[in-house]
$ cat protein_2.cif   # mmCIF, C-alpha atoms
data_input
loop_
_atom_site.label_atom_id
_atom_site.label_comp_id
_atom_site.auth_asym_id
_atom_site.auth_seq_id
_atom_site.Cartn_x
_atom_site.Cartn_y
_atom_site.Cartn_z
CA MET A 1 114.02 -93.16 155.01
CA ASN A 2 111.70 -96.16 154.83
CA ALA A 3 110.96 -98.71 152.15
CA ILE A 4 108.08 -96.70 150.72
CA THR A 5 110.28 -93.67 150.13
CA VAL A 6 112.91 -95.90 148.53
CA TYR A 7 110.29 -97.13 146.06
CA GLY A 8 109.24 -93.54 145.40
CA LEU A 9 112.82 -92.59 144.51
CA THR A 10 113.15 -95.77 142.41
CA ALA A 11 110.07 -94.70 140.47
CA ALA A 12 111.55 -91.23 139.87
CA VAL A 13 114.78 -92.74 138.50
CA LEU A 14 112.88 -95.23 136.32
CA ILE A 15 110.88 -92.42 134.74
CA GLY A 16 114.10 -90.50 134.05
CA VAL A 17 115.91 -93.53 132.59
CA GLY A 18 112.93 -94.50 130.46
CA LEU A 19 112.53 -90.96 129.15
CA TYR A 20 116.21 -90.91 128.17
CA GLY A 21 115.83 -94.18 126.28
CA PHE A 22 112.68 -92.95 124.61
CA ILE A 23 114.50 -89.90 123.21
CA VAL A 24 117.84 -91.48 122.36
CA HIS A 25 117.03 -94.90 120.87
CA PRO A 26 116.49 -94.78 117.11
CA GLN A 27 114.75 -98.18 116.85
CA PRO A 28 111.00 -98.06 117.43
CA LEU A 29 110.97 -101.34 119.39
CA ARG A 30 113.43 -99.88 121.88
CA LYS A 31 111.24 -96.81 122.11
CA ILE A 32 108.25 -99.01 122.96
CA VAL A 33 110.27 -100.72 125.71
CA ALA A 34 111.33 -97.31 127.03
CA PHE A 35 107.72 -96.14 126.95
CA ASN A 36 106.79 -99.13 129.09
CA VAL A 37 109.59 -98.40 131.55
CA VAL A 38 108.35 -94.81 131.90
CA GLY A 39 104.83 -96.14 132.34
CA SER A 40 105.75 -98.62 135.05
CA GLY A 41 107.69 -95.86 136.81
CA VAL A 42 104.59 -93.69 136.84
CA PHE A 43 102.53 -96.63 138.11
CA LEU A 44 105.07 -97.32 140.83
CA LEU A 45 105.00 -93.67 141.93
CA PHE A 46 101.22 -93.81 142.09
CA GLY A 47 101.48 -97.09 144.01
CA VAL A 48 103.76 -95.41 146.55
CA ILE A 49 101.12 -92.74 147.07
CA ALA A 50 98.49 -95.49 147.41
CA ARG A 51 100.62 -97.24 150.04
CA ARG A 52 101.08 -94.02 151.99
CA GLY A 53 97.32 -93.69 152.02
CA ALA A 54 96.92 -97.06 153.73
CA ALA A 55 94.23 -96.59 156.33
CA ALA A 56 91.05 -98.08 157.69
CA GLY A 57 92.51 -101.57 157.60
CA PHE A 58 93.43 -101.53 153.90
CA GLY A 59 96.94 -102.43 152.72
CA GLY A 60 96.83 -99.39 150.48
CA ASP A 61 94.42 -96.75 149.37
CA PRO A 62 92.02 -98.70 147.11
CA VAL A 63 91.16 -95.76 144.84
CA PRO A 64 94.63 -95.30 143.32
CA GLN A 65 95.12 -99.06 143.28
CA ALA A 66 91.96 -99.57 141.25
CA LEU A 67 93.07 -96.83 138.85
CA LEU A 68 96.45 -98.57 138.57
CA ILE A 69 94.82 -101.79 137.38
CA THR A 70 92.96 -99.79 134.76
CA GLY A 71 96.18 -98.03 133.84
CA ILE A 72 98.17 -101.23 133.36
CA VAL A 73 95.53 -102.63 131.02
CA VAL A 74 95.38 -99.40 129.01
CA ALA A 75 99.19 -99.34 128.73
CA PHE A 76 99.06 -102.91 127.43
CA SER A 77 96.46 -101.89 124.82
CA ALA A 78 98.65 -99.03 123.65
CA THR A 79 101.71 -101.30 123.47
CA ALA A 80 99.83 -103.93 121.47
CA LEU A 81 98.71 -101.31 118.99
CA ALA A 82 102.22 -99.83 118.73
CA VAL A 83 103.80 -103.23 118.13
CA THR A 84 101.27 -104.06 115.43
CA VAL A 85 101.83 -100.71 113.69
CA LEU A 86 105.57 -101.40 113.80
CA LEU A 87 105.21 -104.87 112.26
CA ARG A 88 102.95 -103.51 109.54
CA LEU A 89 105.41 -100.70 108.82
CA GLN A 90 108.16 -103.24 108.40
CA GLU A 91 105.98 -105.42 106.17
CA GLU A 92 105.01 -102.44 104.05
CA THR A 93 108.32 -100.60 103.68
CA GLY A 94 110.86 -103.29 104.55
CA SER A 95 112.41 -101.21 107.26
CA THR A 96 111.50 -99.98 110.68
CA THR A 97 113.22 -96.66 110.65
CA LEU A 98 111.39 -93.59 111.84
CA ALA A 99 113.71 -91.29 109.88
CA SER A 100 111.93 -89.24 107.25
CA PRO A 101 112.53 -90.44 103.67
CA PRO A 102 114.87 -88.33 101.51
CA PRO A 103 113.16 -85.64 99.43
CA PRO A 104 111.95 -86.80 95.98
CA ASP A 105 114.56 -84.81 94.00
CA PHE A 106 117.35 -86.25 96.11
CA GLU A 107 119.85 -88.10 93.95
CA PRO A 108 122.11 -90.64 95.60
CA ALA A 109 125.31 -89.68 93.80
CA PRO A 110 127.59 -92.74 94.15
CA ALA A 111 124.94 -95.30 93.28
CA THR A 112 124.56 -94.29 89.61
CA LEU A 113 127.23 -95.40 87.16
CA PRO A 114 128.31 -93.19 84.29
CA PRO A 115 125.95 -93.91 81.33
CA ALA A 116 128.75 -94.38 78.79
CA ARG A 117 130.30 -97.35 80.57
CA ASN A 118 126.87 -98.85 81.06
CA ALA A 119 126.26 -98.80 77.30
CA ASP A 120 129.62 -100.51 76.61
CA ALA A 121 128.79 -103.36 78.87
CA MET B 1 105.37 -102.42 159.13
CA ASP B 2 108.44 -100.99 157.46
CA ALA B 3 111.45 -103.12 158.23
CA GLY B 4 113.72 -100.34 157.09
CA ILE B 5 115.71 -99.82 153.97
CA PHE B 6 116.55 -103.50 153.43
CA SER B 7 112.96 -104.42 152.74
CA ALA B 8 113.30 -102.38 149.58
CA ALA B 9 115.92 -104.75 148.19
CA PRO B 10 113.78 -105.45 145.07
CA ALA B 11 114.04 -101.73 144.34
CA LEU B 12 117.74 -102.15 143.50
CA LEU B 13 116.98 -105.08 141.24
CA ILE B 14 114.21 -103.12 139.53
CA LEU B 15 116.54 -100.19 138.93
CA GLY B 16 119.27 -102.45 137.56
CA LEU B 17 116.97 -104.40 135.23
CA GLY B 18 115.12 -101.27 134.10
CA ALA B 19 118.39 -99.56 133.27
CA TYR B 20 119.56 -102.68 131.45
CA ALA B 21 116.38 -102.74 129.36
CA ILE B 22 117.21 -99.19 128.26
CA PHE B 23 121.00 -99.20 127.99
CA ALA B 24 121.76 -102.71 126.70
CA ARG B 25 123.42 -102.59 123.26
CA ASP B 26 121.23 -105.13 121.48
CA VAL B 27 117.50 -105.54 121.29
CA PHE B 28 117.20 -109.12 122.56
CA PRO B 29 119.23 -108.72 125.78
CA ALA B 30 117.30 -105.52 126.45
CA LEU B 31 114.01 -107.39 126.05
CA LEU B 32 115.15 -110.16 128.37
CA GLY B 33 116.00 -107.45 130.89
CA PHE B 34 112.52 -106.07 130.44
CA VAL B 35 110.88 -109.48 131.02
CA ALA B 36 112.79 -109.94 134.28
CA TYR B 37 112.01 -106.34 135.19
CA GLY B 38 108.28 -107.02 134.93
CA LEU B 39 108.57 -110.04 137.20
CA VAL B 40 110.56 -108.25 139.90
CA LEU B 41 108.16 -105.33 139.71
CA THR B 42 105.46 -107.76 140.83
CA LEU B 43 107.40 -108.28 144.07
CA ALA B 44 107.48 -104.53 144.60
CA TRP B 45 103.71 -104.40 144.24
CA VAL B 46 103.26 -107.11 146.84
CA GLN B 47 105.47 -105.13 149.17
CA LEU B 48 103.50 -101.97 148.52
CA GLY B 49 100.34 -103.74 149.64
CA GLY B 50 98.77 -103.92 146.21
CA ILE B 51 98.12 -107.64 145.70
CA ASP B 52 95.50 -106.90 143.05
CA VAL B 53 97.95 -104.65 141.23
CA ALA B 54 100.67 -107.29 141.57
CA LEU B 55 98.43 -109.86 139.91
CA THR B 56 97.63 -107.47 137.06
CA GLU B 57 101.26 -106.48 136.63
CA ALA B 58 102.38 -110.12 136.57
CA ALA B 59 99.72 -111.14 134.05
CA VAL B 60 99.28 -108.13 131.79
CA GLY B 61 102.24 -105.83 132.38
CA GLY B 62 104.93 -108.47 132.72
CA GLY B 63 103.51 -111.45 130.88
CA PHE B 64 101.51 -110.29 127.89
CA THR B 65 103.49 -107.13 127.14
CA SER B 66 106.76 -109.09 127.24
CA LEU B 67 105.36 -111.77 124.95
CA LEU B 68 104.25 -109.11 122.46
CA LEU B 69 107.64 -107.43 122.45
CA VAL B 70 109.71 -110.62 122.22
CA ARG B 71 107.56 -111.94 119.39
CA ALA B 72 107.84 -108.65 117.53
CA ALA B 73 111.62 -108.65 117.94
CA ALA B 74 111.81 -112.23 116.67
CA ARG B 75 109.77 -111.33 113.58
CA LEU B 76 111.78 -108.20 112.88
CA ARG B 77 114.98 -110.19 113.15
CA ALA B 78 113.70 -113.13 111.12
CA SER B 79 113.05 -110.84 108.18
CA ARG B 80 116.68 -109.66 108.43
CA VAL B 81 115.76 -106.06 108.44
CA GLU B 82 118.79 -104.10 109.38
CA SER B 83 117.21 -101.41 111.39
CA ALA B 84 118.77 -98.21 110.19
CA GLN B 85 121.21 -97.09 112.83
CA ALA B 86 120.26 -93.47 112.65
CA HIS B 87 123.03 -91.48 114.20
CA VAL B 88 122.07 -89.75 117.39
CA GLY B 89 124.20 -86.68 117.86
CA SER B 90 125.99 -85.96 121.10
CA LEU B 91 123.96 -82.78 121.43
CA THR B 92 120.76 -84.85 121.43
CA ARG B 93 122.26 -87.16 124.03
CA LEU B 94 123.27 -84.25 126.20
CA GLY B 95 119.83 -82.69 125.91
CA ALA B 96 118.13 -86.02 126.65
CA THR B 97 120.36 -86.54 129.69
CA LEU B 98 119.66 -83.07 131.02
CA GLY B 99 115.93 -83.27 130.30
CA SER B 100 115.28 -86.72 131.72
CA GLY B 101 117.67 -86.07 134.59
CA SER B 102 115.77 -82.98 135.66
CA VAL B 103 112.43 -84.80 135.35
CA ALA B 104 113.74 -87.57 137.62
CA LEU B 105 115.18 -85.03 140.05
CA ALA B 106 111.95 -83.03 140.22
CA LEU B 107 109.98 -86.23 140.88
CA ALA B 108 112.44 -87.33 143.57
CA VAL B 109 112.09 -83.97 145.30
CA ALA B 110 108.32 -84.30 145.07
CA VAL B 111 108.47 -87.80 146.60
CA LEU B 112 110.52 -86.50 149.52
CA ALA B 113 108.16 -83.56 149.96
CA LEU B 114 104.93 -85.60 150.08
CA PRO B 115 102.66 -84.29 152.84
CA GLU B 116 102.81 -85.91 156.26
CA PRO B 117 100.41 -87.36 157.31
CA PRO B 118 98.84 -88.34 153.97
CA LEU B 119 95.19 -87.54 153.32
CA PRO B 120 93.71 -90.72 151.88
CA PRO B 121 90.21 -91.24 150.54
CA ALA B 122 90.43 -94.75 152.04
CA PRO B 123 88.22 -94.02 155.08
CA GLU B 124 85.43 -92.91 152.75
CA VAL B 125 85.72 -96.14 150.78
CA ALA B 126 85.70 -98.07 154.06
CA ALA B 127 82.58 -96.23 155.15
CA LYS B 128 80.66 -96.82 151.91
CA LEU B 129 81.93 -100.32 151.05
CA PRO B 130 79.31 -102.22 153.12
CA SER B 131 76.56 -100.68 150.97
CA THR B 132 77.93 -102.61 147.97
CA ASP B 133 78.17 -106.01 149.71
CA VAL B 134 81.61 -106.47 148.15
CA ALA B 135 84.46 -107.20 150.54
CA ASN B 136 87.42 -106.47 148.26
CA PRO B 137 87.75 -102.65 148.38
CA ILE B 138 89.42 -102.57 144.95
CA THR B 139 86.56 -104.43 143.34
CA GLY B 140 84.24 -102.01 145.13
CA VAL B 141 86.07 -99.05 143.63
CA LEU B 142 86.32 -100.64 140.19
CA LEU B 143 82.68 -101.63 139.90
CA ALA B 144 80.76 -99.31 142.19
CA PHE B 145 82.50 -96.03 142.95
CA ARG B 146 84.50 -95.68 139.74
CA ALA B 147 82.60 -98.06 137.48
CA VAL B 148 82.84 -95.66 134.55
CA ASP B 149 86.64 -96.14 134.54
CA THR B 150 86.19 -99.88 134.25
CA LEU B 151 83.68 -99.49 131.45
CA LEU B 152 86.03 -97.22 129.52
CA GLU B 153 88.92 -99.62 130.19
CA ALA B 154 86.98 -102.49 128.62
CA ILE B 155 86.16 -100.26 125.66
CA VAL B 156 89.78 -99.11 125.27
CA LEU B 157 90.78 -102.76 125.04
CA LEU B 158 88.13 -103.34 122.39
CA LEU B 159 89.31 -100.25 120.48
CA ALA B 160 92.87 -101.59 120.61
CA LEU B 161 91.62 -104.83 119.06
CA ILE B 162 89.81 -102.90 116.32
CA GLY B 163 93.02 -100.95 115.77
CA VAL B 164 95.07 -104.15 115.53
CA TRP B 165 92.61 -105.70 113.07
CA SER B 166 92.54 -102.53 110.98
CA LEU B 167 96.25 -102.96 110.33
CA ALA B 168 95.66 -106.14 108.36
CA PRO B 169 96.27 -105.90 104.62
CA ASP B 170 93.01 -105.75 102.62
CA ARG B 171 93.33 -109.19 101.03
CA VAL B 172 93.31 -111.01 104.38
CA TRP B 173 90.65 -108.87 106.01
CA GLY B 174 88.50 -111.03 108.25
CA GLY B 175 90.92 -113.94 108.00
CA ARG B 176 92.81 -115.88 110.62
CA PRO B 177 95.25 -113.97 112.85
CA GLY B 178 98.95 -114.72 112.91
CA PRO B 179 100.86 -117.55 111.29
CA ARG B 180 99.88 -121.18 111.87
CA TYR B 181 102.26 -122.26 114.58
CA ASP B 182 104.01 -125.56 114.29
CA ALA B 183 105.63 -127.27 117.21
CA ASP B 184 106.97 -130.75 117.70
CA PRO B 185 103.81 -132.67 118.71
CA ASP B 186 105.91 -134.77 121.11
CA GLY B 187 107.93 -131.82 122.38
CA VAL B 188 107.92 -130.07 125.72
CA LEU B 189 105.82 -127.15 124.50
CA ALA B 190 103.05 -129.37 123.17
CA PHE B 191 103.15 -131.42 126.35
CA ILE B 192 102.79 -128.35 128.56
CA ALA B 193 100.07 -127.00 126.29
CA ARG B 194 98.11 -130.19 126.92
CA VAL B 195 98.70 -130.44 130.67
CA LEU B 196 98.54 -126.82 131.79
CA PRO B 197 95.28 -125.43 130.32
CA PRO B 198 92.87 -127.51 132.44
CA ILE B 199 94.67 -126.28 135.55
CA GLY B 200 95.11 -122.76 134.22
CA ILE B 201 91.46 -122.35 133.27
CA VAL B 202 90.37 -123.43 136.76
CA VAL B 203 92.88 -121.03 138.33
CA GLY B 204 91.70 -118.22 136.02
CA ILE B 205 88.07 -118.75 136.92
CA TYR B 206 88.98 -119.02 140.60
CA VAL B 207 90.89 -115.73 140.49
CA PHE B 208 87.87 -114.20 138.78
CA TRP B 209 85.40 -115.62 141.29
CA VAL B 210 87.25 -114.63 144.49
CA GLY B 211 87.68 -111.10 143.13
CA ALA B 212 84.58 -109.92 144.95
CA ASP B 213 86.06 -110.59 148.36
CA ASP B 214 89.78 -111.26 147.93
CA PRO B 215 92.54 -110.08 145.62
CA GLY B 216 91.68 -111.09 142.08
CA GLY B 217 89.09 -110.09 139.56
CA LYS B 218 87.90 -110.33 136.01
CA PHE B 219 90.95 -108.78 134.36
CA GLN B 220 93.44 -111.02 136.10
CA GLY B 221 91.27 -114.09 135.58
CA ALA B 222 90.60 -113.24 131.93
CA THR B 223 94.33 -112.84 131.31
CA ILE B 224 95.07 -116.28 132.71
CA VAL B 225 92.33 -117.91 130.62
CA ALA B 226 93.54 -116.05 127.51
CA ALA B 227 97.10 -117.17 128.22
CA MET B 228 95.97 -120.81 128.25
CA TRP B 229 94.46 -120.42 124.79
CA LEU B 230 97.62 -118.69 123.56
CA LEU B 231 99.69 -121.57 124.90
CA ALA B 232 97.64 -124.07 122.91
CA LEU B 233 97.88 -121.76 119.87
CA LEU B 234 101.66 -121.39 120.07
CA ALA B 235 102.05 -125.15 120.49
CA GLY B 236 100.13 -125.66 117.26
CA LEU B 237 97.35 -127.61 119.01
CA THR B 238 94.67 -125.23 117.82
CA ASP B 239 94.26 -122.53 115.21
CA ALA B 240 93.04 -118.98 115.61
CA PRO B 241 89.50 -118.56 114.28
CA PRO B 242 88.77 -116.14 111.41
CA VAL B 243 88.00 -112.81 113.00
CA SER B 244 84.98 -112.26 110.75
CA ARG B 245 83.07 -115.04 112.50
CA ARG B 246 79.84 -113.68 113.92
CA VAL B 247 79.99 -115.61 117.20
CA ILE B 248 83.32 -114.02 117.99
CA ARG B 249 82.19 -110.51 117.25
CA THR B 250 79.03 -110.97 119.32
CA LEU B 251 81.02 -112.29 122.27
CA LEU B 252 83.48 -109.41 122.01
CA VAL B 253 80.85 -106.71 122.40
CA ALA B 254 78.46 -108.61 124.71
CA GLY B 255 80.31 -107.72 127.93
CA PRO B 256 80.61 -103.97 127.34
CA LEU B 257 77.01 -103.87 126.06
CA VAL B 258 75.67 -105.48 129.25
CA PHE B 259 77.74 -103.01 131.25
CA ILE B 260 76.32 -100.06 129.30
CA ALA B 261 72.78 -101.44 129.58
CA ILE B 262 73.11 -101.64 133.37
CA GLY B 263 74.54 -98.13 133.35
CA VAL B 264 71.51 -96.85 131.45
CA LEU B 265 69.25 -98.75 133.82
CA GLY B 266 70.90 -96.74 136.58
CA VAL B 267 69.78 -93.51 134.91
CA VAL B 268 66.17 -94.73 135.01
CA ARG B 269 66.12 -96.43 138.41
CA ALA B 270 68.74 -94.68 140.51
CA GLY B 271 69.14 -91.26 138.95
CA ALA B 272 72.64 -91.48 137.49
CA PHE B 273 74.57 -93.39 134.84
CA LEU B 274 76.00 -96.56 136.41
CA ALA B 275 74.30 -95.90 139.74
CA TYR B 276 72.86 -99.04 141.27
CA PRO B 277 69.40 -99.07 142.89
CA GLU B 278 69.41 -99.55 146.67
CA GLY B 279 70.13 -103.17 147.58
CA TRP B 280 70.91 -104.21 144.00
CA SER B 281 74.64 -103.45 144.01
CA LYS B 282 75.97 -106.95 144.54
CA PRO B 283 73.72 -108.76 142.02
CA LEU B 284 74.35 -106.09 139.37
CA ILE B 285 78.10 -106.16 140.00
CA LEU B 286 78.01 -109.93 139.59
CA VAL B 287 76.08 -109.65 136.32
CA ILE B 288 78.63 -107.15 135.00
CA GLU B 289 81.54 -109.33 136.09
CA PHE B 290 80.08 -112.46 134.52
CA ALA B 291 79.28 -110.66 131.28
CA LEU B 292 82.66 -108.92 131.05
CA MET B 293 84.89 -111.88 131.87
CA PRO B 294 84.41 -113.89 128.61
CA SER B 295 84.51 -110.73 126.49
CA LEU B 296 87.73 -109.61 128.16
CA ALA B 297 89.37 -113.02 127.85
CA LEU B 298 88.52 -113.15 124.16
CA THR B 299 89.60 -109.55 123.52
CA LEU B 300 92.93 -110.08 125.28
CA ALA B 301 93.54 -113.34 123.44
CA LEU B 302 92.78 -111.81 120.04
CA VAL B 303 94.85 -108.70 120.72
CA MET B 304 97.73 -111.05 121.47
CA ALA B 305 97.04 -113.14 118.38
CA GLY B 306 97.52 -110.03 116.25
CA PRO B 307 95.99 -108.85 112.97
CA PRO B 308 94.63 -111.33 110.40
CA GLU B 309 97.40 -112.68 108.19
CA ARG B 310 95.79 -115.60 106.36
CA VAL B 311 92.68 -115.75 104.24
CA ALA B 312 89.99 -117.80 105.92
CA ASP B 313 90.15 -120.49 103.22
CA ARG B 314 87.50 -122.76 104.59
CA GLU B 315 85.06 -122.52 107.42
CA SER B 316 85.80 -125.12 110.05
CA PRO B 317 83.13 -127.81 110.28
#
$ encode --input "protein_2.cif" --output "structure tokens"
Amino acid sequence: MNAITVYGLTAAVLIGVGLYGFIVHPQPLRKIVAFNVVGSGVFLLFGVIARRGAAAGFGGDPVPQALLITGIVVAFSATALAVTVLLRLQEETGSTTLASPPPPDFEPAPATLPPARNADA
Amino acid sequence: MDAGIFSAAPALLILGLGAYAIFARDVFPALLGFVAYGLVLTLAWVQLGGIDVALTEAAVGGGFTSLLLVRAAARLRASRVESAQAHVGSLTRLGATLGSGSVALALAVAVLALPEPPLPPAPEVAAKLPSTDVANPITGVLLAFRAVDTLLEAIVLLLALIGVWSLAPDRVWGGRPGPRYDADPDGVLAFIARVLPPIGIVVGIYVFWVGADDPGGKFQGATIVAAMWLLALLAGLTDAPPVSRRVIRTLLVAGPLVFIAIGVLGVVRAGAFLAYPEGWSKPLILVIEFALMPSLALTLALVMAGPPERVADRESP
């Protein structure tokens, strides 16, 4: 087992760990971090394949490496958009939860006081 | 070349920091883990022979993404929003563990089963590279063999900026992005923001210029230049311009437009979109690079600055 294979296995684990975080974390910001961990795992895996393709005097296969640079920039664009949506959501609704709002006829029982006592006061 | 398993020592660090970024209890420690993770990942890229990728990862993946996330976390915390701790059931956790575990396992098996010897397209690139007069194979791929990817990448970045701007509330549309930053004018940040940009801008342009023959290129260079502006912005030495200013919008689209124009020229003169006429590769690649670099730097800087938040009260003199 050489260093390249070790990086390949690292990438596989990173993708798994990131995917777990993406599913389990309720906060959107944590989901964005997890999305980036998955992304970098995918990039690393692709980089391992590029390194294996090293030939003709190149340190790595230049085709995947060029695509990786494109990929990193696109991932950054997506992250920037996601973060901005999140901040706007918070500004608009005051919370950053992704949970669906309760149905309109939903009545939060303990919050309402009995009307009679309200009138006395 | 491979000094054995020990040369993959950064791999352990990457795994540890990546796991910390996911499993840490609180948001801020997790983000700090993520920042360190991005930096160590850069080492891995150097070891994997991708110096160009390492530069991009350090600048865009590690640097800018981390800054975005940390700033967002700071804003979310400053507004004292208790993020609703939605309960995640143990069944969900079990399913997530099984699902992500099997994905990781399948990928690991695939890594171990990669064909030996690999079949790289590298020799083809090596054979055709001299026809482009560019010595850095990655620049050759980015701007000659797969130029359409690079064009779309620049446009994706522009679309992200349009998306970010579109999230501004109506009343500040076209205004100045972000808050006006205040920093102690005699503090360390302001000092660095005065001393570093002249050096950083030269380094950024250098990285851009050597990209034709050595690791580097317009994206890495543009990121460094954009970072210098952000530094001055965060130190309160300058203010973000209103995004409705015509000069800014022209500069944003100029790079991609030149790229598209050269692509269309290829249809007329060389028979395919983005094909370069015989002997014209290097000059056309240089024109594209020079046109794209300022547009990219400005796009990156404005994406980082965020959506407009203040009405452009007065035009600057």
$ atom_distance --input "protein_2.cif" --atom1 "CA of Leu296 (chain B)" --atom2 "CA of Ala82 (chain A)"
19.9 Å
$ residues_around --input "protein_2.cif" --residues "region 68-73 of chain B" --least-positions-apart "6" --cutoff "12 Å" --atoms "all atoms listed in the file" --output "JSON list (two decimals) with C-alpha atoms, keeping the file's coordinate frame"
[["chain", "number", "residue", "atom", "x", "y", "z"],
["A", 27, "GLN", "CA", 114.75, -98.18, 116.85],
["A", 28, "PRO", "CA", 111.00, -98.06, 117.43],
["A", 29, "LEU", "CA", 110.97, -101.34, 119.39],
["A", 30, "ARG", "CA", 113.43, -99.88, 121.88],
["A", 31, "LYS", "CA", 111.24, -96.81, 122.11],
["A", 32, "ILE", "CA", 108.25, -99.01, 122.96],
["A", 33, "VAL", "CA", 110.27, -100.72, 125.71],
["A", 34, "ALA", "CA", 111.33, -97.31, 127.03],
["A", 36, "ASN", "CA", 106.79, -99.13, 129.09],
["A", 76, "PHE", "CA", 99.06, -102.91, 127.43],
["A", 77, "SER", "CA", 96.46, -101.89, 124.82],
["A", 78, "ALA", "CA", 98.65, -99.03, 123.65],
["A", 79, "THR", "CA", 101.71, -101.30, 123.47],
["A", 80, "ALA", "CA", 99.83, -103.93, 121.47],
["A", 81, "LEU", "CA", 98.71, -101.31, 118.99],
["A", 82, "ALA", "CA", 102.22, -99.83, 118.73],
["A", 83, "VAL", "CA", 103.80, -103.23, 118.13],
["A", 84, "THR", "CA", 101.27, -104.06, 115.43],
["A", 85, "VAL", "CA", 101.83, -100.71, 113.69],
["A", 86, "LEU", "CA", 105.57, -101.40, 113.80],
["A", 87, "LEU", "CA", 105.21, -104.87, 112.26],
["A", 88, "ARG", "CA", 102.95, -103.51, 109.54],
["A", 90, "GLN", "CA", 108.16, -103.24, 108.40],
["A", 91, "GLU", "CA", 105.98, -105.42, 106.17],
["A", 96, "THR", "CA", 111.50, -99.98, 110.68],
["B", 26, "ASP", "CA", 121.23, -105.13, 121.48],
["B", 27, "VAL", "CA", 117.50, -105.54, 121.29],
["B", 28, "PHE", "CA", 117.20, -109.12, 122.56],
["B", 29, "PRO", "CA", 119.23, -108.72, 125.78],
["B", 30, "ALA", "CA", 117.30, -105.52, 126.45],
["B", 31, "LEU", "CA", 114.01, -107.39, 126.05],
["B", 32, "LEU", "CA", 115.15, -110.16, 128.37],
["B", 33, "GLY", "CA", 116.00, -107.45, 130.89],
["B", 34, "PHE", "CA", 112.52, -106.07, 130.44],
["B", 35, "VAL", "CA", 110.88, -109.48, 131.02],
["B", 60, "VAL", "CA", 99.28, -108.13, 131.79],
["B", 61, "GLY", "CA", 102.24, -105.83, 132.38],
["B", 62, "GLY", "CA", 104.93, -108.47, 132.72],
["B", 79, "SER", "CA", 113.05, -110.84, 108.18],
["B", 80, "ARG", "CA", 116.68, -109.66, 108.43],
["B", 81, "VAL", "CA", 115.76, -106.06, 108.44],
["B", 83, "SER", "CA", 117.21, -101.41, 111.39],
["B", 178, "GLY", "CA", 98.95, -114.72, 112.91],
["B", 179, "PRO", "CA", 100.86, -117.55, 111.29],
["B", 230, "LEU", "CA", 97.62, -118.69, 123.56],
["B", 234, "LEU", "CA", 101.66, -121.39, 120.07],
["B", 300, "LEU", "CA", 92.93, -110.08, 125.28],
["B", 301, "ALA", "CA", 93.54, -113.34, 123.44],
["B", 303, "VAL", "CA", 94.85, -108.70, 120.72],
["B", 304, "MET", "CA", 97.73, -111.05, 121.47],
["B", 305, "ALA", "CA", 97.04, -113.14, 118.38],
["B", 306, "GLY", "CA", 97.52, -110.03, 116.25]]
$ resolve_selection --input "protein_2.cif" --expression "the PyMOL selection byres ((chain B and resi 149) around 12)" --output "list of chain:residue names"
A:Val63, A:Pro64, A:Ala66, A:Leu67, A:Leu68, A:Ile69, A:Thr70, A:Gly71, A:Val73, A:Val74, B:Val141, B:Leu142, B:Leu143, B:Ala144, B:Phe145, B:Arg146, B:Ala147, B:Val148, B:Thr150, B:Leu151, B:Leu152, B:Glu153, B:Ala154, B:Ile155, B:Val156, B:Phe259, B:Leu274
$ residues_around --input "protein_2.cif" --residues "region 124-133 of chain B" --least-positions-apart "6" --cutoff "12 Å" --atoms "only C-alpha atoms" --output "number ranges by chain"
A: 53-58, 60-64, 66; B: 139-146, 212-213, 275-286
$ atom_distance --input "protein_2.cif" --atom1 "CA of Leu98 (chain A)" --atom2 "CA of Gly41 (chain A)"
25.3 Å
$ residues_around --input "protein_2.cif" --residues "Thr10 (chain A)" --least-positions-apart "3" --cutoff "9 Å" --atoms "all atoms listed in the file" --output "PyMOL selection string"
(chain A and resi 5-7+13-15+41+44-45) or (chain B and resi 11-12+14-15+108)
$ resolve_selection --input "protein_2.cif" --expression "the PyMOL selection byres ((chain B and resi 215-218) around 9)" --output "PyMOL selection string"
chain B and resi 50-53+55-56+136+138-139+204-214+219-223+289-290+292-294+296-297
$ resolve_selection --input "protein_2.cif" --expression "the PyMOL selection byres ((chain B and resi 245) around 10)" --output "list in words"
Gly174, Gly175, Arg176, Pro241, Pro242, Val243, Ser244, Arg246, Val247, Ile248, Arg249, Thr250, Ala312 and Glu315 of chain B
$ residues_around --input "protein_2.cif" --residues "Ile4 (chain A)" --least-positions-apart "4" --cutoff "9 Å" --atoms "all atoms listed in the file" --output "list in words"
Gly8, Leu9, Val48, Ile49, Arg51 and Arg52 of chain A; Asp2, Ile5, Ala8, Gln47 and Leu48 of chain B
$ write_last_selection --input "protein_2.cif" --atoms "C-alpha atoms" --output "PDB file, in the frame of the given file"
ATOM      1  CA  GLY A   8     109.240 -93.540 145.400  1.00  0.00           C
ATOM      2  CA  LEU A   9     112.820 -92.590 144.510  1.00  0.00           C
ATOM      3  CA  VAL A  48     103.760 -95.410 146.550  1.00  0.00           C
ATOM      4  CA  ILE A  49     101.120 -92.740 147.070  1.00  0.00           C
ATOM      5  CA  ARG A  51     100.620 -97.240 150.040  1.00  0.00           C
ATOM      6  CA  ARG A  52     101.080 -94.020 151.990  1.00  0.00           C
TER       7      ARG A  52
ATOM      8  CA  ASP B   2     108.440-100.990 157.460  1.00  0.00           C
ATOM      9  CA  ILE B   5     115.710 -99.820 153.970  1.00  0.00           C
ATOM     10  CA  ALA B   8     113.300-102.380 149.580  1.00  0.00           C
ATOM     11  CA  GLN B  47     105.470-105.130 149.170  1.00  0.00           C
ATOM     12  CA  LEU B  48     103.500-101.970 148.520  1.00  0.00           C
TER      13      LEU B  48
END
